[in-house]
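Structure below is input_13.pdb: PDB, C-alpha atoms.
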```
MODEL        1
ATOM      1  CA  MET A 277      17.084  -3.254  27.991  1.00  0.00           C
ATOM      2  CA  PRO A 278      17.566  -6.667  29.653  1.00  0.00           C
ATOM      3  CA  VAL A 279      14.491  -8.868  29.926  1.00  0.00           C
ATOM      4  CA  ARG A 280      13.458 -10.708  33.078  1.00  0.00           C
ATOM      5  CA  GLY A 281      14.819 -14.226  33.166  1.00  0.00           C
ATOM      6  CA  LYS A 282      16.938 -13.715  30.081  1.00  0.00           C
ATOM      7  CA  ARG A 283      20.521 -14.900  30.124  1.00  0.00           C
ATOM      8  CA  VAL A 284      22.839 -12.173  28.965  1.00  0.00           C
ATOM      9  CA  THR A 285      26.569 -11.765  28.667  1.00  0.00           C
ATOM     10  CA  ALA A 286      27.736  -8.899  30.832  1.00  0.00           C
ATOM     11  CA  VAL A 287      31.045  -7.107  30.903  1.00  0.00           C
ATOM     12  CA  VAL A 288      32.788  -8.155  34.077  1.00  0.00           C
ATOM     13  CA  MET A 289      35.952  -6.138  33.746  1.00  0.00           C
ATOM     14  CA  GLU A 290      36.942  -3.318  31.455  1.00  0.00           C
ATOM     15  CA  ARG A 291      40.207  -1.434  31.567  1.00  0.00           C
ATOM     16  CA  ASN A 292      41.262   1.463  29.357  1.00  0.00           C
ATOM     17  CA  GLY A 293      38.169   0.889  27.268  1.00  0.00           C
ATOM     18  CA  ILE A 294      39.114  -2.686  26.494  1.00  0.00           C
ATOM     19  CA  VAL A 295      36.864  -5.491  27.671  1.00  0.00           C
ATOM     20  CA  GLN A 296      38.969  -7.925  29.678  1.00  0.00           C
ATOM     21  CA  ASP A 297      36.357 -10.450  30.672  1.00  0.00           C
ATOM     22  CA  ARG A 298      32.702 -11.268  30.063  1.00  0.00           C
ATOM     23  CA  ARG A 299      30.479 -13.633  31.963  1.00  0.00           C
ATOM     24  CA  ASP A 300      26.989 -15.008  31.579  1.00  0.00           C
ATOM     25  CA  THR A 301      24.427 -13.804  34.079  1.00  0.00           C
ATOM     26  CA  VAL A 302      20.680 -14.049  34.403  1.00  0.00           C
ATOM     27  CA  VAL A 303      18.555 -10.931  34.645  1.00  0.00           C
ATOM     28  CA  GLU A 304      16.133 -11.593  37.470  1.00  0.00           C
ATOM     29  CA  SER A 305      14.476  -8.233  37.840  1.00  0.00           C
ATOM     30  CA  GLY A 306      14.464  -7.398  34.175  1.00  0.00           C
ATOM     31  CA  ARG A 307      15.649  -3.870  34.703  1.00  0.00           C
ATOM     32  CA  PHE A 308      19.362  -3.593  35.023  1.00  0.00           C
ATOM     33  CA  VAL A 309      22.574  -5.592  34.812  1.00  0.00           C
ATOM     34  CA  SER A 310      25.189  -4.309  37.211  1.00  0.00           C
ATOM     35  CA  VAL A 311      28.488  -2.779  36.140  1.00  0.00           C
ATOM     36  CA  THR A 312      30.411  -5.616  37.743  1.00  0.00           C
ATOM     37  CA  GLY A 313      28.325  -8.266  36.034  1.00  0.00           C
ATOM     38  CA  LYS A 314      27.790  -9.902  39.423  1.00  0.00           C
ATOM     39  CA  GLY A 315      24.573  -8.221  40.528  1.00  0.00           C
ATOM     40  CA  VAL A 316      21.003  -7.812  39.431  1.00  0.00           C
ATOM     41  CA  VAL A 317      18.432  -5.351  40.658  1.00  0.00           C
ATOM     42  CA  SER A 318      15.540  -7.051  42.367  1.00  0.00           C
ATOM     43  CA  SER A 319      12.352  -5.612  43.797  1.00  0.00           C
ATOM     44  CA  ARG A 320      12.527  -8.509  46.269  1.00  0.00           C
ATOM     45  CA  ILE A 321      15.425  -6.871  48.063  1.00  0.00           C
ATOM     46  CA  LYS A 322      14.531  -4.586  50.941  1.00  0.00           C
ATOM     47  CA  ASN A 323      16.449  -1.363  51.334  1.00  0.00           C
ATOM     48  CA  TYR A 324      18.207  -1.805  54.645  1.00  0.00           C
ATOM     49  CA  ALA A 325      20.032   1.546  54.535  1.00  0.00           C
ATOM     50  CA  ALA A 326      17.464   3.052  56.931  1.00  0.00           C
ATOM     51  CA  ASP A 327      17.285  -0.009  59.169  1.00  0.00           C
ATOM     52  CA  PRO A 328      17.976   1.016  62.788  1.00  0.00           C
ATOM     53  CA  PHE A 329      20.946  -1.358  62.897  1.00  0.00           C
ATOM     54  CA  PHE A 330      22.684   0.390  60.008  1.00  0.00           C
ATOM     55  CA  VAL A 331      21.548   3.870  61.052  1.00  0.00           C
ATOM     56  CA  ARG A 332      23.259   3.263  64.391  1.00  0.00           C
ATOM     57  CA  LYS A 333      26.440   2.244  62.580  1.00  0.00           C
ATOM     58  CA  ALA A 334      26.218   5.364  60.417  1.00  0.00           C
ATOM     59  CA  ALA A 335      25.858   7.525  63.530  1.00  0.00           C
ATOM     60  CA  GLU A 336      29.064   5.992  64.854  1.00  0.00           C
ATOM     61  CA  ALA A 337      30.741   6.813  61.544  1.00  0.00           C
ATOM     62  CA  LYS A 338      29.543  10.413  61.701  1.00  0.00           C
ATOM     63  CA  ALA A 339      30.838  10.807  65.252  1.00  0.00           C
ATOM     64  CA  GLU A 340      34.190   9.463  64.117  1.00  0.00           C
ATOM     65  CA  ILE A 341      34.449  11.737  61.075  1.00  0.00           C
ATOM     66  CA  ASP A 342      33.283  14.774  63.043  1.00  0.00           C
ATOM     67  CA  LYS A 343      36.141  14.075  65.416  1.00  0.00           C
ATOM     68  CA  VAL A 344      38.984  13.272  63.020  1.00  0.00           C
ATOM     69  CA  GLY A 345      37.826  14.942  59.785  1.00  0.00           C
ATOM     70  CA  LEU A 346      37.999  13.749  56.219  1.00  0.00           C
ATOM     71  CA  PRO A 347      41.286  13.448  54.373  1.00  0.00           C
ATOM     72  CA  LYS A 348      42.104  16.077  51.807  1.00  0.00           C
ATOM     73  CA  ARG A 349      41.101  15.113  48.312  1.00  0.00           C
ATOM     74  CA  LYS A 350      43.755  14.460  45.753  1.00  0.00           C
ATOM     75  CA  ASN A 351      43.603  16.756  42.753  1.00  0.00           C
TER
ATOM     76  CA  MET B 594      37.916  -6.563  39.509  1.00  0.00           C
ATOM     77  CA  ASN B 595      38.755  -9.980  38.320  1.00  0.00           C
ATOM     78  CA  LEU B 596      38.327 -11.724  41.673  1.00  0.00           C
ATOM     79  CA  GLU B 597      35.995 -14.618  42.238  1.00  0.00           C
ATOM     80  CA  SER B 598      33.008 -13.446  44.243  1.00  0.00           C
ATOM     81  CA  TYR B 599      29.373 -14.280  44.928  1.00  0.00           C
ATOM     82  CA  ASN B 600      26.577 -13.016  42.738  1.00  0.00           C
ATOM     83  CA  TYR B 601      24.383 -10.540  44.577  1.00  0.00           C
ATOM     84  CA  GLU B 602      21.018  -8.845  44.318  1.00  0.00           C
ATOM     85  CA  ILE B 603      20.582  -5.096  44.589  1.00  0.00           C
ATOM     86  CA  ASP B 604      17.631  -3.166  45.903  1.00  0.00           C
ATOM     87  CA  GLU B 605      16.116  -0.594  43.590  1.00  0.00           C
ATOM     88  CA  THR B 606      17.877   2.323  45.316  1.00  0.00           C
ATOM     89  CA  PHE B 607      21.324   0.716  44.897  1.00  0.00           C
ATOM     90  CA  GLN B 608      21.974   1.141  48.612  1.00  0.00           C
ATOM     91  CA  THR B 609      21.489  -2.494  49.661  1.00  0.00           C
ATOM     92  CA  TYR B 610      23.228  -5.605  48.338  1.00  0.00           C
ATOM     93  CA  GLU B 611      22.348  -9.150  49.345  1.00  0.00           C
ATOM     94  CA  PHE B 612      24.229 -12.347  48.684  1.00  0.00           C
ATOM     95  CA  VAL B 613      24.285 -15.875  50.045  1.00  0.00           C
ATOM     96  CA  SER B 614      27.362 -17.365  51.653  1.00  0.00           C
ATOM     97  CA  GLU B 615      27.549 -21.112  51.146  1.00  0.00           C
ATOM     98  CA  GLY B 616      29.805 -23.460  53.048  1.00  0.00           C
ATOM     99  CA  PRO B 617      30.052 -26.160  55.718  1.00  0.00           C
ATOM    100  CA  ASN B 618      27.583 -24.311  57.953  1.00  0.00           C
ATOM    101  CA  GLY B 619      24.955 -23.989  55.249  1.00  0.00           C
ATOM    102  CA  LYS B 620      23.566 -20.935  53.503  1.00  0.00           C
ATOM    103  CA  VAL B 621      23.731 -17.559  55.218  1.00  0.00           C
ATOM    104  CA  THR B 622      22.252 -14.404  53.721  1.00  0.00           C
ATOM    105  CA  LYS B 623      24.632 -11.466  53.948  1.00  0.00           C
ATOM    106  CA  VAL B 624      23.686  -7.843  53.476  1.00  0.00           C
ATOM    107  CA  VAL B 625      25.760  -4.786  52.655  1.00  0.00           C
ATOM    108  CA  ALA B 626      23.982  -1.459  53.163  1.00  0.00           C
ATOM    109  CA  TYR B 627      25.234   2.039  52.431  1.00  0.00           C
ATOM    110  CA  THR B 628      23.751   4.584  54.831  1.00  0.00           C
ATOM    111  CA  GLU B 629      24.378   8.285  54.294  1.00  0.00           C
ATOM    112  CA  PHE B 630      25.519   9.927  57.493  1.00  0.00           C
ATOM    113  CA  GLY B 631      25.517  13.500  56.377  1.00  0.00           C
ATOM    114  CA  THR B 632      27.688  16.059  54.768  1.00  0.00           C
ATOM    115  CA  VAL B 633      31.159  16.731  56.055  1.00  0.00           C
ATOM    116  CA  ASN B 634      32.955  19.769  54.646  1.00  0.00           C
ATOM    117  CA  ASP B 635      30.322  19.874  51.871  1.00  0.00           C
ATOM    118  CA  GLU B 636      31.098  16.271  50.969  1.00  0.00           C
ATOM    119  CA  ILE B 637      28.567  13.469  51.220  1.00  0.00           C
ATOM    120  CA  ALA B 638      29.695  10.402  53.100  1.00  0.00           C
ATOM    121  CA  TYR B 639      28.207   6.937  53.504  1.00  0.00           C
ATOM    122  CA  ASN B 640      28.854   4.192  55.979  1.00  0.00           C
ATOM    123  CA  LEU B 641      29.272   0.674  54.660  1.00  0.00           C
ATOM    124  CA  GLY B 642      27.300  -1.594  56.964  1.00  0.00           C
ATOM    125  CA  PHE B 643      27.656  -5.349  56.761  1.00  0.00           C
ATOM    126  CA  GLY B 644      25.943  -8.179  58.551  1.00  0.00           C
ATOM    127  CA  ASP B 645      23.977 -11.430  58.437  1.00  0.00           C
ATOM    128  CA  ILE B 646      20.208 -11.476  58.059  1.00  0.00           C
ATOM    129  CA  ASP B 647      18.393 -13.794  60.447  1.00  0.00           C
ATOM    130  CA  GLU B 648      15.940 -15.527  58.120  1.00  0.00           C
ATOM    131  CA  LYS B 649      13.400 -16.042  60.914  1.00  0.00           C
ATOM    132  CA  THR B 650      13.341 -12.566  62.436  1.00  0.00           C
ATOM    133  CA  GLY B 651      14.676 -10.455  59.585  1.00  0.00           C
ATOM    134  CA  ARG B 652      17.024  -8.810  62.042  1.00  0.00           C
ATOM    135  CA  ILE B 653      20.630  -8.054  61.202  1.00  0.00           C
ATOM    136  CA  SER B 654      23.664  -9.024  63.209  1.00  0.00           C
ATOM    137  CA  ASP B 655      27.328  -8.279  62.705  1.00  0.00           C
ATOM    138  CA  THR B 656      28.507 -10.377  65.621  1.00  0.00           C
ATOM    139  CA  VAL B 657      27.572 -13.822  64.314  1.00  0.00           C
ATOM    140  CA  VAL B 658      30.548 -15.968  63.294  1.00  0.00           C
ATOM    141  CA  THR B 659      29.473 -17.778  60.119  1.00  0.00           C
ATOM    142  CA  ASP B 660      32.713 -19.727  59.640  1.00  0.00           C
ATOM    143  CA  ASN B 661      31.690 -20.891  56.192  1.00  0.00           C
ATOM    144  CA  LYS B 662      35.296 -21.121  54.997  1.00  0.00           C
ATOM    145  CA  ASP B 663      34.602 -18.617  52.233  1.00  0.00           C
ATOM    146  CA  ARG B 664      36.223 -15.474  53.609  1.00  0.00           C
ATOM    147  CA  PRO B 665      37.993 -14.465  50.361  1.00  0.00           C
ATOM    148  CA  LEU B 666      34.722 -14.820  48.440  1.00  0.00           C
ATOM    149  CA  VAL B 667      32.821 -12.744  50.996  1.00  0.00           C
ATOM    150  CA  LEU B 668      35.449  -9.992  51.105  1.00  0.00           C
ATOM    151  CA  ALA B 669      35.626  -9.879  47.318  1.00  0.00           C
ATOM    152  CA  THR B 670      31.849  -9.583  47.139  1.00  0.00           C
ATOM    153  CA  VAL B 671      31.801  -6.701  49.598  1.00  0.00           C
ATOM    154  CA  ALA B 672      34.477  -5.032  47.482  1.00  0.00           C
ATOM    155  CA  GLN B 673      32.356  -5.564  44.363  1.00  0.00           C
ATOM    156  CA  THR B 674      29.492  -3.709  46.047  1.00  0.00           C
ATOM    157  CA  ILE B 675      31.796  -0.723  46.602  1.00  0.00           C
ATOM    158  CA  VAL B 676      32.517  -0.662  42.880  1.00  0.00           C
ATOM    159  CA  GLU B 677      28.803  -0.999  42.147  1.00  0.00           C
ATOM    160  CA  PHE B 678      27.727   1.651  44.633  1.00  0.00           C
ATOM    161  CA  SER B 679      30.386   4.108  43.449  1.00  0.00           C
ATOM    162  CA  SER B 680      29.428   3.601  39.831  1.00  0.00           C
ATOM    163  CA  HIS B 681      25.840   4.458  40.669  1.00  0.00           C
ATOM    164  CA  PHE B 682      26.285   7.236  43.234  1.00  0.00           C
ATOM    165  CA  GLY B 683      29.558   8.812  42.131  1.00  0.00           C
ATOM    166  CA  LYS B 684      32.542  10.055  44.048  1.00  0.00           C
ATOM    167  CA  HIS B 685      31.239   9.974  47.591  1.00  0.00           C
ATOM    168  CA  TRP B 686      33.234   8.923  50.596  1.00  0.00           C
ATOM    169  CA  ILE B 687      32.549   5.443  51.936  1.00  0.00           C
ATOM    170  CA  ARG B 688      33.620   4.648  55.476  1.00  0.00           C
ATOM    171  CA  VAL B 689      34.355   1.024  56.364  1.00  0.00           C
ATOM    172  CA  ARG B 690      34.939  -0.330  59.836  1.00  0.00           C
ATOM    173  CA  GLY B 691      34.521  -3.841  61.202  1.00  0.00           C
ATOM    174  CA  SER B 692      32.408  -4.560  64.270  1.00  0.00           C
ATOM    175  CA  THR B 693      35.571  -5.573  66.095  1.00  0.00           C
ATOM    176  CA  PRO B 694      39.285  -4.814  65.575  1.00  0.00           C
ATOM    177  CA  ALA B 695      39.693  -8.388  64.337  1.00  0.00           C
ATOM    178  CA  ARG B 696      37.039  -7.848  61.681  1.00  0.00           C
ATOM    179  CA  THR B 697      38.546  -4.536  60.651  1.00  0.00           C
ATOM    180  CA  ARG B 698      41.774  -6.461  60.252  1.00  0.00           C
ATOM    181  CA  LEU B 699      39.963  -8.846  57.907  1.00  0.00           C
ATOM    182  CA  TYR B 700      38.828  -5.905  55.802  1.00  0.00           C
ATOM    183  CA  GLN B 701      42.441  -4.764  55.753  1.00  0.00           C
ATOM    184  CA  MET B 702      43.591  -8.156  54.492  1.00  0.00           C
ATOM    185  CA  GLY B 703      40.915  -8.034  51.825  1.00  0.00           C
ATOM    186  CA  VAL B 704      41.868  -4.532  50.754  1.00  0.00           C
ATOM    187  CA  SER B 705      45.567  -5.376  50.684  1.00  0.00           C
ATOM    188  CA  GLY B 706      44.826  -8.295  48.413  1.00  0.00           C
ATOM    189  CA  ILE B 707      43.090  -6.170  45.811  1.00  0.00           C
ATOM    190  CA  TRP B 708      44.853  -2.851  46.296  1.00  0.00           C
ATOM    191  CA  ASP B 709      47.139  -3.184  43.269  1.00  0.00           C
ATOM    192  CA  GLU B 710      44.098  -3.857  41.150  1.00  0.00           C
ATOM    193  CA  ILE B 711      41.939  -0.964  42.358  1.00  0.00           C
ATOM    194  CA  LYS B 712      44.411   1.788  43.231  1.00  0.00           C
ATOM    195  CA  ASP B 713      44.152   3.364  39.802  1.00  0.00           C
ATOM    196  CA  ASP B 714      40.415   3.803  40.264  1.00  0.00           C
ATOM    197  CA  PHE B 715      40.006   4.511  43.984  1.00  0.00           C
ATOM    198  CA  GLU B 716      41.479   6.686  46.709  1.00  0.00           C
ATOM    199  CA  LEU B 717      41.917   4.834  49.980  1.00  0.00           C
ATOM    200  CA  TYR B 718      42.765   6.134  53.443  1.00  0.00           C
ATOM    201  CA  GLY B 719      43.212   4.402  56.769  1.00  0.00           C
ATOM    202  CA  LEU B 720      42.485   5.757  60.228  1.00  0.00           C
ATOM    203  CA  LYS B 721      45.586   5.703  62.371  1.00  0.00           C
ATOM    204  CA  ASP B 722      46.518   7.727  65.435  1.00  0.00           C
ATOM    205  CA  GLY B 723      43.414   9.867  65.156  1.00  0.00           C
ATOM    206  CA  LYS B 724      43.587  10.862  61.518  1.00  0.00           C
ATOM    207  CA  TYR B 725      43.003   9.432  58.075  1.00  0.00           C
ATOM    208  CA  ILE B 726      46.193   8.924  56.115  1.00  0.00           C
ATOM    209  CA  GLU B 727      46.918   7.401  52.706  1.00  0.00           C
ATOM    210  CA  PHE B 728      46.660   3.635  52.762  1.00  0.00           C
ATOM    211  CA  GLU B 729      49.796   1.560  52.797  1.00  0.00           C
ATOM    212  CA  LYS B 730      50.018  -2.190  52.879  1.00  0.00           C
ATOM    213  CA  ASP B 731      51.318  -3.762  56.080  1.00  0.00           C
ATOM    214  CA  VAL B 732      50.075  -0.914  58.269  1.00  0.00           C
ATOM    215  CA  ASN B 733      47.218  -1.613  60.665  1.00  0.00           C
ATOM    216  CA  TYR B 734      44.301   0.805  60.586  1.00  0.00           C
ATOM    217  CA  GLU B 735      41.194   1.288  62.714  1.00  0.00           C
ATOM    218  CA  ALA B 736      38.869   2.147  59.815  1.00  0.00           C
ATOM    219  CA  PHE B 737      38.975   3.037  56.137  1.00  0.00           C
ATOM    220  CA  LEU B 738      37.666   5.714  53.818  1.00  0.00           C
ATOM    221  CA  VAL B 739      37.421   4.932  50.138  1.00  0.00           C
ATOM    222  CA  ARG B 740      36.324   7.086  47.248  1.00  0.00           C
ATOM    223  CA  LYS B 741      36.205   6.612  43.520  1.00  0.00           C
ATOM    224  CA  LYS B 742      38.673   8.896  41.705  1.00  0.00           C
TER
ENDMDL
END
```

Will you turn the file into structure tokens for me?
Amino acid sequence: MPVRGKRVTAVVMERNGIVQDRRDTVVESGRFVSVTGKGVVSSRIKNYAADPFFVRKAAEAKAEIDKVGLPKRKN
Amino acid sequence: MNLESYNYEIDETFQTYEFVSEGPNGKVTKVVAYTEFGTVNDEIAYNLGFGDIDEKTGRISDTVVTDNKDRPLVLATVAQTIVEFSSHFGKHWIRVRGSTPARTRLYQMGVSGIWDEIKDDFELYGLKDGKYIEFEKDVNYEAFLVRKK
């Protein structure tokens, strides 16, 4: 498991099981290195998903989807 | 994706992503938040919300024009969060729409630029004439739905 403040080399891109690119990143939260290699989990970051601003946007999205429907999934 | 983008920080639920835009107008904190808006036809869908955080008030705005001359970096970073979110949450629908038609058009330009790179991994639909249809480059859409295959 990554350690807080430790510099690690993360996989940035993988295709067909072959690593295409790696990049150094610093683990700031000490818990998780993201799949893209560009992000770190941080307890400093507030979860804005329930912020009224974004809830209002989500309500607009729901109204839109209720009206037009979702596309059919590809099999 | 092998595009240059900003590093970002993720909240512990993997629903919020913050990064800092840097350019001629200084540093601006950007936030991408994925808000579930319910189940449609037994399928869970999220809205991708995007805006600037006012450092003084903590309030979010999607009408501010940052003009930091880093549009490709910002769009690539937003795209990276879709990859991140989908890897964590699975094959849920994500709806994307700009706050104005011009901003939706920017998303479209961003998507068109990376479409060849992501089309093997994602389904993408655009809203046109009242329904979602499969995405094609050079067609203008009002909104987008994306889902990991």

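Distance annotation: of B:Val704, B:Ile711, B:Val667, B:Val625, the residue with the minimal separation from B:Val732 is B:Val704; atom set is only C-alpha atoms.
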
Note to self: Please list as a PyMOL selection string every residue within 10 Å of stretch 630-641 of chain B, counting only C-alpha atoms and excluding residues in the same chain fewer than 2 positions away.
What the structure shows: (chain A and resi 325+330-339+341-342+345-346) or (chain B and resi 608-609+625-628+643+671+674-675+684-691+738-740)

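Every residue that the ChimeraX specification (/B :<6) & /A selects in this file is listed here: Lys314, Gly315, Val316, Val317, Ser318, Ile321, Asn323, Tyr324, Ala325, Phe330, Ala334, Lys338, Val344 and Pro347 of chain A.
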
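We find atom CA of A:Glu340 and atom CA of B:Arg664 to be spaced 27.1 Å apart.
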
Note to self: Residue by residue, what does the PyMOL selection byres ((chain B and resi 660) around 12) grab here? Present the result as an MDAnalysis selection string.
What the structure shows: chainID B and resid 614:621 656:659 661:665 667

Margin query: Counting all atoms listed in the file, which residue out of B:Gly703, B:Val613, B:Lys712, B:Thr622 sits closest to B:Glu648?
Written below: B:Thr622

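You will find atom CA of B:Glu729 at 21.7 Å from atom CA of B:Ser679.
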